[in-house]
$ cat target-v2.cif   # mmCIF, C-alpha atoms
data_final
loop_
_atom_site.label_atom_id
_atom_site.label_comp_id
_atom_site.auth_asym_id
_atom_site.auth_seq_id
_atom_site.Cartn_x
_atom_site.Cartn_y
_atom_site.Cartn_z
CA MET A 1 -119.45 3.97 -43.20
CA PRO A 2 -122.24 6.30 -41.98
CA VAL A 3 -123.38 8.98 -44.42
CA THR A 4 -122.01 11.81 -42.25
CA ASP A 5 -118.56 10.21 -42.35
CA ILE A 6 -118.66 9.90 -46.13
CA TRP A 7 -119.66 13.54 -46.31
CA ILE A 8 -116.81 14.67 -44.05
CA TYR A 9 -114.40 12.58 -46.12
CA LEU A 10 -115.68 14.13 -49.38
CA LEU A 11 -115.55 17.70 -48.06
CA GLU A 12 -111.79 17.34 -47.62
CA GLY A 13 -111.26 16.72 -51.33
CA PRO A 14 -111.89 18.96 -54.32
CA LEU A 15 -114.88 17.04 -55.74
CA VAL A 16 -117.75 18.54 -53.74
CA TRP A 17 -116.97 22.22 -54.22
CA LEU A 18 -115.89 21.75 -57.84
CA THR A 19 -119.22 20.04 -58.60
CA LEU A 20 -121.21 22.64 -56.65
CA THR A 21 -119.44 25.50 -58.48
CA ILE A 22 -120.49 24.09 -61.84
CA LEU A 23 -124.03 23.25 -60.65
CA ALA A 24 -124.50 26.75 -59.18
CA TYR A 25 -123.42 28.25 -62.50
CA LEU A 26 -125.82 25.97 -64.40
CA VAL A 27 -128.66 27.14 -62.13
CA GLY A 28 -127.66 30.76 -62.83
CA ASP A 29 -127.44 30.07 -66.57
CA ALA A 30 -130.84 28.32 -66.60
CA LEU A 31 -132.44 31.28 -64.79
CA PHE A 32 -130.72 33.67 -67.22
CA LYS A 33 -132.15 31.76 -70.20
CA ALA A 34 -135.59 31.43 -68.55
CA SER A 35 -135.67 35.22 -68.10
CA GLY A 36 -135.21 35.61 -71.86
CA GLY A 37 -131.62 36.87 -71.47
CA LYS A 38 -132.30 39.70 -69.01
CA THR A 39 -129.00 41.37 -68.01
CA THR A 40 -130.06 41.74 -64.38
CA VAL A 41 -130.35 37.93 -64.16
CA ASN A 42 -126.57 37.52 -64.42
CA PRO A 43 -125.39 33.87 -64.19
CA VAL A 44 -122.11 34.78 -62.41
CA LEU A 45 -123.93 36.86 -59.82
CA ILE A 46 -126.49 34.12 -59.12
CA ALA A 47 -123.79 31.44 -58.79
CA ILE A 48 -121.76 33.66 -56.44
CA ILE A 49 -124.79 34.34 -54.24
CA LEU A 50 -125.76 30.63 -54.10
CA LEU A 51 -122.24 29.46 -53.26
CA SER A 52 -121.55 32.26 -50.76
CA GLY A 53 -124.79 31.38 -48.95
CA LEU A 54 -123.77 27.74 -48.88
CA LEU A 55 -120.28 28.54 -47.52
CA LEU A 56 -121.85 30.72 -44.84
CA ALA A 57 -124.51 28.13 -43.93
CA THR A 58 -121.98 25.29 -43.66
CA ASP A 59 -119.32 27.45 -42.00
CA THR A 60 -116.82 26.49 -44.73
CA PRO A 61 -113.71 28.67 -45.05
CA TYR A 62 -112.93 30.07 -48.51
CA GLY A 63 -109.63 28.14 -48.58
CA THR A 64 -111.52 24.83 -48.39
CA TYR A 65 -113.88 25.94 -51.15
CA PHE A 66 -110.99 27.01 -53.37
CA VAL A 67 -109.32 23.56 -53.17
CA GLY A 68 -112.15 22.42 -55.46
CA ALA A 69 -112.87 25.66 -57.29
CA GLN A 70 -109.25 26.19 -58.34
CA PHE A 71 -109.74 23.87 -61.32
CA VAL A 72 -112.40 26.16 -62.73
CA HIS A 73 -110.33 29.23 -61.81
CA PHE A 74 -107.31 27.82 -63.65
CA LEU A 75 -109.20 27.70 -66.94
CA LEU A 76 -109.24 31.53 -67.03
CA GLY A 77 -105.74 31.36 -68.55
CA PRO A 78 -106.56 29.09 -71.54
CA ALA A 79 -109.86 30.98 -71.96
CA THR A 80 -107.97 34.27 -72.28
CA VAL A 81 -105.71 32.66 -74.90
CA SER A 82 -108.88 31.45 -76.69
CA LEU A 83 -109.95 35.07 -77.25
CA ALA A 84 -107.47 34.96 -80.15
CA LEU A 85 -110.08 33.06 -82.14
CA PRO A 86 -112.85 35.74 -82.28
CA LEU A 87 -110.03 38.26 -82.75
CA TYR A 88 -108.80 36.32 -85.79
CA TRP A 89 -112.30 35.88 -87.23
CA ASN A 90 -112.99 39.62 -86.93
CA ARG A 91 -109.53 40.73 -88.10
CA HIS A 92 -110.81 42.69 -91.12
CA LEU A 93 -113.27 44.67 -88.99
CA ILE A 94 -110.58 45.21 -86.36
CA LEU A 95 -107.87 46.51 -88.71
CA ARG A 96 -110.23 49.21 -89.98
CA THR A 97 -111.08 50.53 -86.53
CA ALA A 98 -107.62 51.33 -85.11
CA LEU A 99 -108.40 55.03 -84.51
CA PRO A 100 -111.82 54.49 -82.86
CA MET A 101 -110.20 51.86 -80.63
CA VAL A 102 -107.44 54.22 -79.49
CA ALA A 103 -109.97 57.00 -78.83
CA ALA A 104 -112.28 54.68 -76.90
CA LEU A 105 -109.36 53.21 -74.92
CA LEU A 106 -108.15 56.64 -73.79
CA ALA A 107 -111.66 57.91 -73.05
CA GLY A 108 -112.91 54.77 -71.31
CA SER A 109 -109.80 54.05 -69.29
CA LEU A 110 -109.09 57.63 -68.17
CA VAL A 111 -112.74 58.42 -67.34
CA SER A 112 -113.03 55.17 -65.33
CA MET A 113 -109.89 55.92 -63.36
CA LEU A 114 -110.49 59.63 -62.77
CA THR A 115 -114.19 59.36 -61.83
CA ALA A 116 -113.45 56.46 -59.45
CA LEU A 117 -110.72 58.46 -57.70
CA GLY A 118 -112.78 61.68 -57.84
CA VAL A 119 -115.95 60.21 -56.34
CA GLY A 120 -113.94 58.28 -53.73
CA TRP A 121 -112.13 61.47 -52.73
CA LEU A 122 -115.37 63.49 -52.57
CA LEU A 123 -116.90 60.83 -50.30
CA GLY A 124 -113.99 61.11 -47.91
CA LEU A 125 -111.91 58.05 -48.84
CA GLN A 126 -108.24 58.39 -48.02
CA GLY A 127 -104.93 56.61 -48.33
CA VAL A 128 -104.89 52.95 -49.28
CA SER A 129 -108.69 52.68 -49.84
CA LEU A 130 -108.68 55.60 -52.28
CA LEU A 131 -105.57 54.44 -54.16
CA SER A 132 -106.99 50.92 -54.54
CA LEU A 133 -109.75 52.35 -56.76
CA GLY A 134 -107.25 53.62 -59.35
CA PRO A 135 -106.50 50.48 -61.42
CA LYS A 136 -109.83 48.65 -60.87
CA ALA A 137 -111.04 48.81 -64.50
CA ALA A 138 -108.12 46.65 -65.71
CA THR A 139 -108.07 42.83 -65.66
CA SER A 140 -107.09 41.49 -62.21
CA PRO A 141 -103.42 40.50 -62.69
CA ILE A 142 -102.67 43.97 -64.09
CA ALA A 143 -104.74 45.80 -61.46
CA ILE A 144 -103.00 43.85 -58.68
CA GLY A 145 -99.56 44.65 -60.12
CA VAL A 146 -100.37 48.37 -60.36
CA ALA A 147 -101.83 48.35 -56.83
CA GLU A 148 -98.55 46.95 -55.48
CA LYS A 149 -96.57 49.58 -57.38
CA ILE A 150 -98.58 52.57 -56.10
CA GLY A 151 -98.85 51.38 -52.49
CA ALA A 152 -102.53 50.40 -52.62
CA ALA A 153 -104.02 47.17 -51.19
CA PRO A 154 -103.79 44.40 -53.84
CA SER A 155 -106.54 42.26 -52.23
CA LEU A 156 -108.94 45.22 -52.09
CA THR A 157 -108.14 46.11 -55.70
CA ALA A 158 -108.79 42.49 -56.75
CA ALA A 159 -112.23 42.63 -55.09
CA LEU A 160 -112.98 45.99 -56.76
CA VAL A 161 -112.07 44.52 -60.18
CA ILE A 162 -114.59 41.68 -59.75
CA LEU A 163 -117.32 43.98 -58.42
CA THR A 164 -116.72 46.36 -61.36
CA GLY A 165 -117.03 43.46 -63.79
CA ILE A 166 -120.32 42.23 -62.33
CA LEU A 167 -121.70 45.76 -62.19
CA GLY A 168 -120.63 46.41 -65.79
CA ALA A 169 -122.11 43.12 -67.03
CA VAL A 170 -125.46 43.96 -65.43
CA ILE A 171 -125.79 47.58 -66.60
CA VAL A 172 -124.10 47.52 -69.98
CA THR A 173 -127.02 46.60 -72.24
CA PRO A 174 -129.61 49.05 -70.85
CA LEU A 175 -126.92 51.76 -70.64
CA PHE A 176 -125.88 51.48 -74.30
CA ASN A 177 -129.51 51.26 -75.41
CA ALA A 178 -130.20 54.49 -73.49
CA LEU A 179 -127.15 56.16 -75.09
CA GLY A 180 -128.26 55.02 -78.54
CA VAL A 181 -124.94 53.28 -79.30
CA LYS A 182 -125.94 50.26 -81.38
CA ASP A 183 -122.71 49.27 -83.13
CA TYR A 184 -121.46 46.03 -81.58
CA ARG A 185 -117.85 47.07 -82.16
CA ALA A 186 -118.30 50.17 -79.96
CA ARG A 187 -120.43 48.36 -77.36
CA GLY A 188 -118.03 45.42 -77.03
CA PHE A 189 -114.82 47.44 -76.98
CA ALA A 190 -116.04 49.87 -74.32
CA THR A 191 -117.22 46.94 -72.18
CA GLY A 192 -113.81 45.23 -72.35
CA VAL A 193 -112.03 48.48 -71.41
CA SER A 194 -114.22 49.35 -68.39
CA ALA A 195 -115.47 45.96 -67.14
CA SER A 196 -112.57 43.62 -68.14
CA GLY A 197 -113.15 39.85 -67.97
CA ILE A 198 -116.70 39.59 -66.63
CA GLY A 199 -117.73 42.35 -69.05
CA THR A 200 -116.13 40.38 -71.89
CA ALA A 201 -118.02 37.26 -70.81
CA ARG A 202 -121.25 39.27 -71.03
CA ALA A 203 -120.31 40.64 -74.47
CA LEU A 204 -119.67 37.08 -75.72
CA GLN A 205 -123.17 36.12 -74.52
CA VAL A 206 -124.65 38.91 -76.63
CA HIS A 207 -122.78 38.72 -79.95
CA PRO A 208 -119.47 37.25 -81.25
CA THR A 209 -118.38 40.60 -82.72
CA ALA A 210 -119.07 42.36 -79.40
CA GLY A 211 -117.09 39.57 -77.71
CA ALA A 212 -114.12 39.94 -80.06
CA PHE A 213 -113.94 43.71 -79.53
CA ALA A 214 -114.38 43.28 -75.77
CA GLY A 215 -111.37 40.94 -75.75
CA ILE A 216 -109.24 43.55 -77.54
CA GLY A 217 -110.54 46.31 -75.25
CA MET A 218 -109.59 44.29 -72.19
CA GLY A 219 -106.13 43.53 -73.63
CA MET A 220 -105.43 47.14 -74.66
CA ASN A 221 -106.55 48.50 -71.29
CA ALA A 222 -104.33 45.94 -69.57
CA VAL A 223 -101.31 47.36 -71.39
CA PHE A 224 -102.40 50.99 -70.98
CA THR A 225 -103.17 50.66 -67.25
CA ALA A 226 -99.91 48.83 -66.56
CA LEU A 227 -97.87 51.52 -68.32
CA ALA A 228 -99.79 54.73 -67.57
CA ALA A 229 -101.71 54.27 -64.32
CA PRO A 230 -98.71 54.36 -61.94
CA TYR A 231 -97.63 57.72 -63.43
CA ILE A 232 -101.13 59.24 -63.55
CA ILE A 233 -101.99 58.19 -59.99
CA GLY A 234 -98.53 59.15 -58.73
CA TRP A 235 -98.90 62.58 -60.29
CA LEU A 236 -102.43 63.09 -58.88
CA PHE A 237 -101.36 62.23 -55.33
CA ALA A 238 -97.91 63.84 -55.39
CA MET B 1 -109.44 18.00 -77.81
CA ILE B 2 -106.04 17.11 -76.37
CA HIS B 3 -104.34 18.79 -79.34
CA ALA B 4 -106.40 21.91 -78.79
CA LEU B 5 -105.56 21.93 -75.08
CA ALA B 6 -101.87 21.47 -75.89
CA ILE B 7 -101.93 24.47 -78.25
CA LEU B 8 -103.81 26.75 -75.81
CA LEU B 9 -101.59 25.81 -72.84
CA SER B 10 -98.41 26.13 -74.95
CA CYS B 11 -99.42 29.65 -75.98
CA GLN B 12 -100.16 30.54 -72.36
CA LEU B 13 -96.85 29.07 -71.22
CA ALA B 14 -94.96 30.96 -73.95
CA GLY B 15 -96.78 34.12 -72.79
CA GLU B 16 -95.82 33.58 -69.15
CA VAL B 17 -92.19 32.89 -70.09
CA ALA B 18 -92.00 35.94 -72.37
CA ALA B 19 -93.64 38.23 -69.78
CA GLY B 20 -91.29 37.01 -67.07
CA ALA B 21 -88.09 36.95 -69.12
CA LEU B 22 -88.62 40.36 -70.74
CA GLY B 23 -90.12 41.97 -67.63
CA LEU B 24 -93.21 42.98 -69.60
CA PRO B 25 -96.09 44.49 -67.61
CA VAL B 26 -98.67 42.38 -69.52
CA PRO B 27 -100.20 39.19 -68.01
CA GLY B 28 -98.93 35.92 -69.53
CA PRO B 29 -102.35 34.80 -70.87
CA VAL B 30 -102.81 38.14 -72.71
CA LEU B 31 -99.43 37.63 -74.42
CA GLY B 32 -100.54 34.04 -75.09
CA MET B 33 -103.63 35.42 -76.84
CA ILE B 34 -101.35 37.55 -79.06
CA PHE B 35 -99.15 34.50 -79.80
CA LEU B 36 -102.17 32.39 -80.78
CA THR B 37 -103.43 35.22 -83.03
CA ILE B 38 -100.05 35.29 -84.79
CA LEU B 39 -100.15 31.49 -85.09
CA LEU B 40 -103.64 31.66 -86.63
CA LEU B 41 -102.51 34.30 -89.13
CA THR B 42 -99.50 32.24 -90.22
CA VAL B 43 -101.02 28.73 -90.01
CA PRO B 44 -104.82 29.12 -90.47
CA GLN B 45 -105.33 25.31 -90.11
CA VAL B 46 -104.70 25.75 -86.37
CA GLY B 47 -108.14 27.39 -86.19
CA LYS B 48 -109.88 24.10 -86.97
CA ILE B 49 -107.98 22.28 -84.22
CA VAL B 50 -108.59 24.77 -81.40
CA GLN B 51 -112.06 25.93 -82.50
CA ASP B 52 -114.28 23.57 -80.47
CA LEU B 53 -112.37 23.81 -77.20
CA ALA B 54 -111.81 27.58 -77.48
CA GLN B 55 -115.46 28.18 -78.30
CA GLY B 56 -116.52 25.93 -75.42
CA LEU B 57 -114.37 27.88 -72.96
CA LEU B 58 -115.58 31.24 -74.26
CA ASN B 59 -119.26 30.19 -74.23
CA HIS B 60 -118.91 29.69 -70.48
CA LEU B 61 -116.33 32.36 -69.68
CA SER B 62 -118.71 33.60 -66.95
CA LEU B 63 -118.36 30.33 -65.05
CA LEU B 64 -114.61 30.81 -64.74
CA PHE B 65 -115.08 34.00 -62.69
CA VAL B 66 -117.29 32.31 -60.09
CA PRO B 67 -114.46 31.15 -57.74
CA ALA B 68 -112.90 34.63 -57.64
CA GLY B 69 -116.34 36.18 -57.13
CA VAL B 70 -117.08 33.91 -54.17
CA GLY B 71 -113.72 35.05 -52.75
CA VAL B 72 -114.85 38.67 -52.95
CA VAL B 73 -118.04 37.93 -51.01
CA ALA B 74 -116.10 35.89 -48.43
CA HIS B 75 -113.90 38.93 -47.79
CA LEU B 76 -116.57 41.59 -48.20
CA ASP B 77 -116.26 42.64 -44.57
CA ARG B 78 -112.72 43.77 -45.39
CA LEU B 79 -114.21 46.73 -47.24
CA GLY B 80 -115.02 47.92 -43.71
CA PRO B 81 -116.46 51.35 -43.02
CA ASP B 82 -115.26 52.49 -46.47
CA GLY B 83 -117.68 50.03 -48.15
CA PRO B 84 -120.48 52.44 -49.13
CA ALA B 85 -118.07 55.08 -50.51
CA LEU B 86 -116.14 52.43 -52.48
CA LEU B 87 -119.35 51.03 -53.96
CA ALA B 88 -120.59 54.50 -54.91
CA ALA B 89 -117.27 55.23 -56.63
CA LEU B 90 -117.53 51.91 -58.49
CA VAL B 91 -121.05 52.57 -59.75
CA VAL B 92 -120.34 56.12 -60.95
CA SER B 93 -117.00 55.27 -62.57
CA THR B 94 -118.26 52.13 -64.31
CA VAL B 95 -121.24 53.96 -65.84
CA ALA B 96 -119.03 56.92 -66.79
CA GLY B 97 -116.21 54.77 -68.20
CA LEU B 98 -118.53 52.56 -70.26
CA SER B 99 -120.37 55.60 -71.65
CA ALA B 100 -117.18 57.52 -72.47
CA GLY B 101 -115.65 54.52 -74.25
CA ALA B 102 -118.73 53.65 -76.32
CA LEU B 103 -119.44 57.27 -77.28
CA ALA B 104 -115.79 57.89 -78.23
CA PHE B 105 -115.76 54.76 -80.41
CA ALA B 106 -119.07 55.59 -82.11
CA GLY B 107 -118.04 59.24 -82.51
CA MET B 108 -114.77 58.32 -84.22
CA LEU B 109 -116.59 55.91 -86.57
CA LYS B 110 -118.82 58.77 -87.62
CA LEU B 111 -115.91 61.21 -87.97
CA LEU B 112 -113.99 58.75 -90.17
CA ARG B 113 -117.16 57.93 -92.12
CA ASN B 114 -116.46 54.27 -91.32
CA THR B 115 -119.61 52.60 -92.57
CA ASP B 116 -118.32 49.02 -92.50
CA GLU B 117 -121.06 46.44 -92.40
CA ALA B 118 -120.81 45.71 -88.71
CA PRO B 119 -123.50 43.97 -86.67
CA ARG B 120 -125.69 46.24 -84.61
CA ALA B 121 -127.94 45.80 -81.61
CA GLY B 122 -131.54 45.62 -82.76
CA ASN B 123 -134.04 47.30 -80.49
#

$ encode --input "target-v2.cif" --output "structure tokens"
Amino acid sequence: MPVTDIWIYLLEGPLVWLTLTILAYLVGDALFKASGGKTTVNPVLIAIILLSGLLLATDTPYGTYFVGAQFVHFLLGPATVSLALPLYWNRHLILRTALPMVAALLAGSLVSMLTALGVGWLLGLQGVSLLSLGPKAATSPIAIGVAEKIGAAPSLTAALVILTGILGAVIVTPLFNALGVKDYRARGFATGVSASGIGTARALQVHPTAGAFAGIGMGMNAVFTALAAPYIIGWLFA
Amino acid sequence: MIHALAILLSCQLAGEVAAGALGLPVPGPVLGMIFLTILLLTVPQVGKIVQDLAQGLLNHLSLLFVPAGVGVVAHLDRLGPDGPALLAALVVSTVAGLSAGALAFAGMLKLLRNTDEAPRAGN
């Protein structure tokens, strides 16, 4: 069989894009480590850029890519369940910070939502585009559910969630250093609330305590956004 | 490893079933996380079984977001003419939300005189 035929045969199965997804991430991770852990050298961002360029260059539709990548995507579920472990290890720290967590949840979640809607409105966004900004700080399944409920575009909201996460992961360390917030409980929790999963991944890279609090922040904002966001956004746009 | 996988997937499955059956607005895996926490509190030995796999998944949590991220880029043109305004709103709100959350948390710690020995960023 000629090499081109083998290649065409392989591209129809999941192996090629699954392998490339992992290799692209390893390249990103190696660059991240080579940079001495610089936040701007984000492994997710590098992998996304590499793979997107490859899809574009080879004229591969996303659906074909996802046939392979879905195996990696699926692991998000068990990984979320795994967050129970850092939560359990840090349980004594967590139990003593109930009030700070509630305060940070309300502040982080409401400020994220209101400034997103406010800036969008000031810049002339209307209708579905504006509404889709509302739930974007929450983890994707929640944000998508809220978007459906308030008449926003679920696919746009899903994209905004990912972009928020990448943005958060890149800016979080210099931002908290500038603010002078050094406590890893505060840094992690706020990151989970405002930058959900990708923010939590970043927090886990930095410190296990930050990772544990990020996981709780993400979970608490999931519940809060699911329950409160439809009412808050409905009231704002009534 | 298979035992660990069985425990993680069972918790996720229980979470999905509970979320669906009770009509809860929480994603199944988040409920699964709560179930595994309860399991760890009642049967601490479970920690030893799931530890390696869970830690392995969490060490590379970033990787798991790559497929969804590539999807965003593939559909970036859907942002359309609203793209710049949406991105501006994202930048401002993410900076503001992160700052508000971290300052509120740190402020409450101070107010409550919570001086627990917690790890801090050294710089």

$ closest_residue --input "target-v2.cif" --among "B:Leu57, B:Leu111, B:Ala4, B:Leu87" --to "chain A" --atoms "all atoms listed in the file"
B:Leu57

$ atom_distance --input "target-v2.cif" --atom1 "atom CA of Leu75 of chain A" --atom2 "atom CA of Pro67 of chain B"
11.1 Å

$ interface_residues --input "target-v2.cif" --of "chain A" --to "chain B" --cutoff "7 Å" --atoms "only C-alpha atoms" --output "count of residues only"
59

$ resolve_selection --input "target-v2.cif" --expression "the PyMOL selection byres ((chain A and resi 213) around 9)" --output "ChimeraX atom specification"
/A:86-87,90,94,184-192,200,203,208-212,214-218

$ atom_distance --input "target-v2.cif" --atom1 "atom CA of Gly13 of chain A" --atom2 "atom CA of Gly197 of chain A"
28.6 Å

$ residues_around --input "target-v2.cif" --residues "Ala143 of chain A" --least-positions-apart "3" --cutoff "10 Å" --atoms "all atoms listed in the file" --output "count of residues only"
22

$ atom_distance --input "target-v2.cif" --atom1 "atom CA of Ile49 of chain A" --atom2 "atom CA of Leu175 of chain A"
24.0 Å

$ resolve_selection --input "target-v2.cif" --expression "the PyMOL selection byres ((chain A and resi 29-33) around 10)" --output "PyMOL selection string"
(chain A and resi 23-28+34-44+46-47) or (chain B and resi 60+62-63)

$ axis_aligned_box --input "target-v2.cif" --around "segment 18-36 of chain B" --padding-each-side "6 Å" --output "JSON"
{"center_x": -95.9, "center_y": 38.4, "center_z": -73.9, "size_x": 27.5, "size_y": 24.1, "size_z": 25.7}

$ resolve_selection --input "target-v2.cif" --expression "the PyMOL selection byres ((chain A and resi 16) around 12)" --output "JSON, numbers by chain"
{"A": [6, 7, 8, 9, 10, 11, 12, 13, 14, 15, 17, 18, 19, 20, 21, 22, 23, 24, 51, 64, 65, 66, 67, 68, 69]}

$ decode --input "target-v2.cif" --residues "segment 35-53 of chain B" --atoms "N, CA, C and O atoms" --output "PDB file, in the first residue's frame"
ATOM      1  N   PHE B  35     -19.774  13.005  45.944  1.00  0.00           N
ATOM      2  CA  PHE B  35     -19.930  11.611  46.380  1.00  0.00           C
ATOM      3  C   PHE B  35     -18.581  10.998  46.773  1.00  0.00           C
ATOM      4  O   PHE B  35     -18.469  10.313  47.784  1.00  0.00           O
ATOM      5  N   LEU B  36     -17.541  11.265  45.955  1.00  0.00           N
ATOM      6  CA  LEU B  36     -16.229  10.684  46.268  1.00  0.00           C
ATOM      7  C   LEU B  36     -15.668  11.293  47.559  1.00  0.00           C
ATOM      8  O   LEU B  36     -15.036  10.586  48.352  1.00  0.00           O
ATOM      9  N   THR B  37     -15.939  12.586  47.784  1.00  0.00           N
ATOM     10  CA  THR B  37     -15.497  13.220  49.034  1.00  0.00           C
ATOM     11  C   THR B  37     -16.148  12.527  50.231  1.00  0.00           C
ATOM     12  O   THR B  37     -15.477  12.218  51.232  1.00  0.00           O
ATOM     13  N   ILE B  38     -17.455  12.269  50.116  1.00  0.00           N
ATOM     14  CA  ILE B  38     -18.167  11.591  51.207  1.00  0.00           C
ATOM     15  C   ILE B  38     -17.588  10.185  51.414  1.00  0.00           C
ATOM     16  O   ILE B  38     -17.360   9.749  52.547  1.00  0.00           O
ATOM     17  N   LEU B  39     -17.311   9.514  50.309  1.00  0.00           N
ATOM     18  CA  LEU B  39     -16.723   8.169  50.373  1.00  0.00           C
ATOM     19  C   LEU B  39     -15.360   8.201  51.084  1.00  0.00           C
ATOM     20  O   LEU B  39     -15.063   7.350  51.927  1.00  0.00           O
ATOM     21  N   LEU B  40     -14.554   9.216  50.758  1.00  0.00           N
ATOM     22  CA  LEU B  40     -13.231   9.342  51.376  1.00  0.00           C
ATOM     23  C   LEU B  40     -13.348   9.619  52.872  1.00  0.00           C
ATOM     24  O   LEU B  40     -12.538   9.137  53.670  1.00  0.00           O
ATOM     25  N   LEU B  41     -14.364  10.407  53.253  1.00  0.00           N
ATOM     26  CA  LEU B  41     -14.548  10.737  54.669  1.00  0.00           C
ATOM     27  C   LEU B  41     -15.005   9.513  55.453  1.00  0.00           C
ATOM     28  O   LEU B  41     -14.644   9.348  56.628  1.00  0.00           O
ATOM     29  N   THR B  42     -15.805   8.646  54.821  1.00  0.00           N
ATOM     30  CA  THR B  42     -16.335   7.485  55.544  1.00  0.00           C
ATOM     31  C   THR B  42     -15.384   6.283  55.455  1.00  0.00           C
ATOM     32  O   THR B  42     -15.247   5.537  56.411  1.00  0.00           O
ATOM     33  N   VAL B  43     -14.752   6.102  54.294  1.00  0.00           N
ATOM     34  CA  VAL B  43     -13.813   4.978  54.106  1.00  0.00           C
ATOM     35  C   VAL B  43     -12.465   5.524  53.615  1.00  0.00           C
ATOM     36  O   VAL B  43     -12.183   5.502  52.425  1.00  0.00           O
ATOM     37  N   PRO B  44     -11.624   6.037  54.528  1.00  0.00           N
ATOM     38  CA  PRO B  44     -10.383   6.700  54.108  1.00  0.00           C
ATOM     39  C   PRO B  44      -9.464   5.813  53.262  1.00  0.00           C
ATOM     40  O   PRO B  44      -8.674   6.340  52.480  1.00  0.00           O
ATOM     41  N   GLN B  45      -9.585   4.469  53.376  1.00  0.00           N
ATOM     42  CA  GLN B  45      -8.718   3.570  52.593  1.00  0.00           C
ATOM     43  C   GLN B  45      -8.903   3.771  51.087  1.00  0.00           C
ATOM     44  O   GLN B  45      -7.997   3.470  50.304  1.00  0.00           O
ATOM     45  N   VAL B  46     -10.074   4.269  50.691  1.00  0.00           N
ATOM     46  CA  VAL B  46     -10.341   4.516  49.269  1.00  0.00           C
ATOM     47  C   VAL B  46      -9.293   5.470  48.691  1.00  0.00           C
ATOM     48  O   VAL B  46      -8.900   5.350  47.530  1.00  0.00           O
ATOM     49  N   GLY B  47      -8.810   6.387  49.521  1.00  0.00           N
ATOM     50  CA  GLY B  47      -7.806   7.357  49.084  1.00  0.00           C
ATOM     51  C   GLY B  47      -6.589   6.689  48.470  1.00  0.00           C
ATOM     52  O   GLY B  47      -6.092   7.122  47.429  1.00  0.00           O
ATOM     53  N   LYS B  48      -6.124   5.625  49.114  1.00  0.00           N
ATOM     54  CA  LYS B  48      -4.924   4.924  48.618  1.00  0.00           C
ATOM     55  C   LYS B  48      -5.161   4.310  47.251  1.00  0.00           C
ATOM     56  O   LYS B  48      -4.278   4.257  46.412  1.00  0.00           O
ATOM     57  N   ILE B  49      -6.395   3.811  47.039  1.00  0.00           N
ATOM     58  CA  ILE B  49      -6.708   3.147  45.764  1.00  0.00           C
ATOM     59  C   ILE B  49      -6.769   4.156  44.615  1.00  0.00           C
ATOM     60  O   ILE B  49      -6.210   3.927  43.550  1.00  0.00           O
ATOM     61  N   VAL B  50      -7.456   5.285  44.845  1.00  0.00           N
ATOM     62  CA  VAL B  50      -7.670   6.221  43.731  1.00  0.00           C
ATOM     63  C   VAL B  50      -6.516   7.212  43.552  1.00  0.00           C
ATOM     64  O   VAL B  50      -6.401   7.856  42.506  1.00  0.00           O
ATOM     65  N   GLN B  51      -5.664   7.325  44.568  1.00  0.00           N
ATOM     66  CA  GLN B  51      -4.641   8.373  44.607  1.00  0.00           C
ATOM     67  C   GLN B  51      -3.828   8.526  43.309  1.00  0.00           C
ATOM     68  O   GLN B  51      -3.782   9.625  42.735  1.00  0.00           O
ATOM     69  N   ASP B  52      -3.215   7.443  42.832  1.00  0.00           N
ATOM     70  CA  ASP B  52      -2.312   7.558  41.683  1.00  0.00           C
ATOM     71  C   ASP B  52      -3.039   8.006  40.415  1.00  0.00           C
ATOM     72  O   ASP B  52      -2.585   8.907  39.716  1.00  0.00           O
ATOM     73  N   LEU B  53      -4.184   7.375  40.144  1.00  0.00           N
ATOM     74  CA  LEU B  53      -4.920   7.726  38.932  1.00  0.00           C
ATOM     75  C   LEU B  53      -5.461   9.153  39.018  1.00  0.00           C
ATOM     76  O   LEU B  53      -5.324   9.951  38.084  1.00  0.00           O
TER      77      LEU B  53
END
